[in-house]
Amino acid sequence: MASTFAQALFAMLLIASMVAVSTANKDWQQGNYTGWGFNRGPYHLNKTEGPNKIIVGGSENWHYGFNYADWSLKNASFYVHDTLVFKYDPPNNTTPPHSVYMLPNLWSFIHCDLSKAKMVGSPTQGGGNGFEFVLKSSRPYYFACGEHNGTHCKDGMMRFFVFPKLRGWHY
């Protein structure tokens with residue numbers, strides 16, 4: 001029984017991954033352009049030329065109560081060597097502290113378990129131009145605010161993940 005459940009779960013995960021990968025490039029033109037030598041045209045698999053600097057949260061920056069998971073989905077695609085810029089006010093009498101932690105895995109992300117997380121941005125680093133985090137490889141990156149024992153992550157929606165893709169070939 002357990003192996004049947006595991007097989008069904010694996011099949012659903014595989015199908016979801018295939019759908020995600022197949023719909024990742026939202027800029028496909030008409031036809032089946034895959035870059036494999038047919039249907040050539042003036043368009044590319046990826047219209048971005050090089051690494052981008054992306055402000056986390058856009059004009060909202062990094063603060064309690066904004067849905068960063070939704071933001072990351074709406075602002076995909078992220079690519080290897082893109083830079084995430086985290087901007088947040090340093091703590092003061094009216095602003096609670098914020099930080100940025102990188103969580104080690106999906107389980108930690110779902111449960112806002114910061115016990116094995118690594119701080120990548122302290123409460124004072126987000127001021128001014130913010131601090132930058134470069135997405136160095138094509139793997140999942142799980143980010144969360146680590147302040148107040150994970151309350152900002154759990155209740156304040158200050159968590160998101162990205163899975164940067166490799167840039168397509170240009171010609």
# chains A, B, ... in the order shown; residues from 1 in each chain; ligands from 1

$ residues_around --residues "range 106-110 of chain A" --least-positions-apart "5" --cutoff "12 Å" --atoms "only C-alpha atoms" --output "ChimeraX atom specification"
/A:69,101,115-118,139-146,150,153-154,157-163

$ residues_around --residues "Ser59 in chain A" --least-positions-apart "6" --cutoff "12 Å" --atoms "only C-alpha atoms" --output "list in words"
Phe66, Trp71, Val85, Phe86, Lys87 and Tyr88 of chain A

$ closest_residue --among "A:Leu73, A:Phe78, A:Tyr68, A:His63" --to "Thr95 in chain A" --atoms "only C-alpha atoms"
A:His63

$ atom_distance --atom1 "CA of Gly65 in chain A" --atom2 "CA of Asp155 in chain A"
7.8 Å

$ closest_residue --among "A:Lys74, A:His111, A:Lys165, A:His81" --to "Glu132 in chain A" --atoms "only C-alpha atoms"
A:His81

$ closest_residue --among "A:Glu147, A:Asp113, A:Asp82, A:Asp89" --to "Glu49 in chain A" --atoms "only C-alpha atoms"
A:Asp82

$ closest_residue --among "A:Asn52, A:Asn149, A:Asn61, A:Thr4" --to "Asn129 in chain A" --atoms "only C-alpha atoms"
A:Asn61

$ select_by_dssp --residues "range 113-155 of chain A" --states "strand (DSSP E)" --output "list in words"
Lys118, Met119, Val120, Gly121, Phe131, Glu132, Phe133, Val134, Tyr141, Tyr142, Phe143 and Ala144 of chain A

$ write_last_selection --atoms "all heavy atoms" --output "short mmCIF file (atom, residue, chain, number, x, y, z; two decimals), in the first residue's frame"
data_model
loop_
_atom_site.label_atom_id
_atom_site.label_comp_id
_atom_site.auth_asym_id
_atom_site.auth_seq_id
_atom_site.Cartn_x
_atom_site.Cartn_y
_atom_site.Cartn_z
N LYS A 118 20.93 29.49 7.35
CA LYS A 118 22.14 30.32 7.38
C LYS A 118 21.74 31.78 7.16
O LYS A 118 21.04 32.10 6.19
CB LYS A 118 23.09 29.88 6.27
CG LYS A 118 24.33 30.73 6.15
CD LYS A 118 25.18 30.29 4.97
CE LYS A 118 26.35 31.23 4.80
NZ LYS A 118 27.10 30.95 3.59
N MET A 119 22.17 32.66 8.06
CA MET A 119 21.89 34.08 7.88
C MET A 119 22.73 34.61 6.73
O MET A 119 23.94 34.46 6.72
CB MET A 119 22.19 34.88 9.14
CG MET A 119 21.87 36.37 8.97
SD MET A 119 22.36 37.40 10.37
CE MET A 119 21.00 37.11 11.46
N VAL A 120 22.06 35.22 5.75
CA VAL A 120 22.78 35.82 4.63
C VAL A 120 22.65 37.35 4.65
O VAL A 120 23.36 38.03 3.93
CB VAL A 120 22.32 35.25 3.27
CG1 VAL A 120 22.71 33.79 3.14
CG2 VAL A 120 20.84 35.44 3.04
N GLY A 121 21.73 37.87 5.47
CA GLY A 121 21.56 39.30 5.61
C GLY A 121 21.15 39.66 7.02
O GLY A 121 20.09 39.23 7.49
N PHE A 131 21.35 44.82 0.39
CA PHE A 131 22.46 43.92 0.16
C PHE A 131 22.10 42.97 -0.97
O PHE A 131 20.93 42.72 -1.24
CB PHE A 131 22.88 43.17 1.44
CG PHE A 131 22.08 41.95 1.73
CD1 PHE A 131 22.48 40.71 1.29
CD2 PHE A 131 20.90 42.05 2.44
CE1 PHE A 131 21.72 39.59 1.55
CE2 PHE A 131 20.15 40.94 2.72
CZ PHE A 131 20.55 39.70 2.27
N GLU A 132 23.11 42.47 -1.62
CA GLU A 132 22.91 41.67 -2.83
C GLU A 132 23.26 40.21 -2.58
O GLU A 132 24.24 39.90 -1.91
CB GLU A 132 23.77 42.22 -3.97
CG GLU A 132 23.41 43.64 -4.33
CD GLU A 132 24.22 44.21 -5.47
OE1 GLU A 132 25.19 43.54 -5.92
OE2 GLU A 132 23.90 45.31 -5.93
N PHE A 133 22.44 39.34 -3.18
CA PHE A 133 22.68 37.91 -3.12
C PHE A 133 22.65 37.37 -4.54
O PHE A 133 21.64 37.52 -5.23
CB PHE A 133 21.60 37.21 -2.27
CG PHE A 133 21.86 35.74 -2.09
CD1 PHE A 133 22.60 35.28 -1.02
CD2 PHE A 133 21.39 34.82 -3.02
CE1 PHE A 133 22.86 33.92 -0.87
CE2 PHE A 133 21.64 33.46 -2.88
CZ PHE A 133 22.38 33.02 -1.79
N VAL A 134 23.75 36.77 -4.98
CA VAL A 134 23.87 36.26 -6.35
C VAL A 134 23.42 34.80 -6.38
O VAL A 134 23.86 33.99 -5.56
CB VAL A 134 25.32 36.38 -6.87
CG1 VAL A 134 25.44 35.79 -8.27
CG2 VAL A 134 25.76 37.83 -6.86
N TYR A 141 16.57 27.93 -4.09
CA TYR A 141 17.01 28.80 -3.00
C TYR A 141 15.77 29.15 -2.20
O TYR A 141 14.80 29.68 -2.75
CB TYR A 141 17.64 30.09 -3.54
CG TYR A 141 18.97 29.92 -4.22
CD1 TYR A 141 19.05 29.58 -5.56
CD2 TYR A 141 20.15 30.13 -3.52
CE1 TYR A 141 20.27 29.45 -6.20
CE2 TYR A 141 21.39 29.99 -4.15
CZ TYR A 141 21.43 29.66 -5.49
OH TYR A 141 22.64 29.53 -6.11
N TYR A 142 15.81 28.89 -0.89
CA TYR A 142 14.68 29.16 0.00
C TYR A 142 15.08 30.30 0.94
O TYR A 142 16.03 30.15 1.70
CB TYR A 142 14.33 27.92 0.81
CG TYR A 142 14.02 26.70 -0.03
CD1 TYR A 142 14.99 25.72 -0.23
CD2 TYR A 142 12.77 26.54 -0.60
CE1 TYR A 142 14.72 24.61 -1.00
CE2 TYR A 142 12.49 25.42 -1.36
CZ TYR A 142 13.47 24.46 -1.56
OH TYR A 142 13.19 23.35 -2.32
N PHE A 143 14.35 31.41 0.90
CA PHE A 143 14.66 32.58 1.72
C PHE A 143 13.53 32.85 2.71
O PHE A 143 12.36 32.64 2.40
CB PHE A 143 14.85 33.82 0.84
CG PHE A 143 16.00 33.73 -0.11
CD1 PHE A 143 15.80 33.41 -1.44
CD2 PHE A 143 17.30 33.96 0.33
CE1 PHE A 143 16.86 33.33 -2.33
CE2 PHE A 143 18.37 33.88 -0.55
CZ PHE A 143 18.14 33.57 -1.89
N ALA A 144 13.90 33.37 3.88
CA ALA A 144 12.90 33.75 4.88
C ALA A 144 13.50 34.78 5.83
O ALA A 144 14.72 34.86 6.00
CB ALA A 144 12.46 32.53 5.69
#

$ select_by_dssp --residues "range 55-100 of chain A" --states "alpha helix (DSSP H)" --output "PyMOL selection string"
chain A and resi 68-74

$ write_last_selection --atoms "N, CA and C atoms" --output "JSON list (two decimals), in the first residue's frame"
[["chain", "number", "residue", "atom", "x", "y", "z"],
["A", 68, "TYR", "N", 5.55, 37.36, -0.36],
["A", 68, "TYR", "CA", 6.73, 37.21, -1.20],
["A", 68, "TYR", "C", 6.68, 35.95, -2.06],
["A", 69, "ALA", "N", 5.98, 34.93, -1.61],
["A", 69, "ALA", "CA", 5.82, 33.73, -2.44],
["A", 69, "ALA", "C", 5.05, 34.08, -3.70],
["A", 70, "ASP", "N", 3.99, 34.86, -3.55],
["A", 70, "ASP", "CA", 3.22, 35.31, -4.71],
["A", 70, "ASP", "C", 4.06, 36.22, -5.60],
["A", 71, "TRP", "N", 4.84, 37.11, -4.98],
["A", 71, "TRP", "CA", 5.71, 38.01, -5.75],
["A", 71, "TRP", "C", 6.70, 37.21, -6.59],
["A", 72, "SER", "N", 7.33, 36.18, -6.00],
["A", 72, "SER", "CA", 8.34, 35.42, -6.75],
["A", 72, "SER", "C", 7.71, 34.67, -7.92],
["A", 73, "LEU", "N", 6.49, 34.17, -7.74],
["A", 73, "LEU", "CA", 5.81, 33.49, -8.85],
["A", 73, "LEU", "C", 5.46, 34.47, -9.97],
["A", 74, "LYS", "N", 5.00, 35.65, -9.61],
["A", 74, "LYS", "CA", 4.60, 36.64, -10.61],
["A", 74, "LYS", "C", 5.80, 37.28, -11.31]]
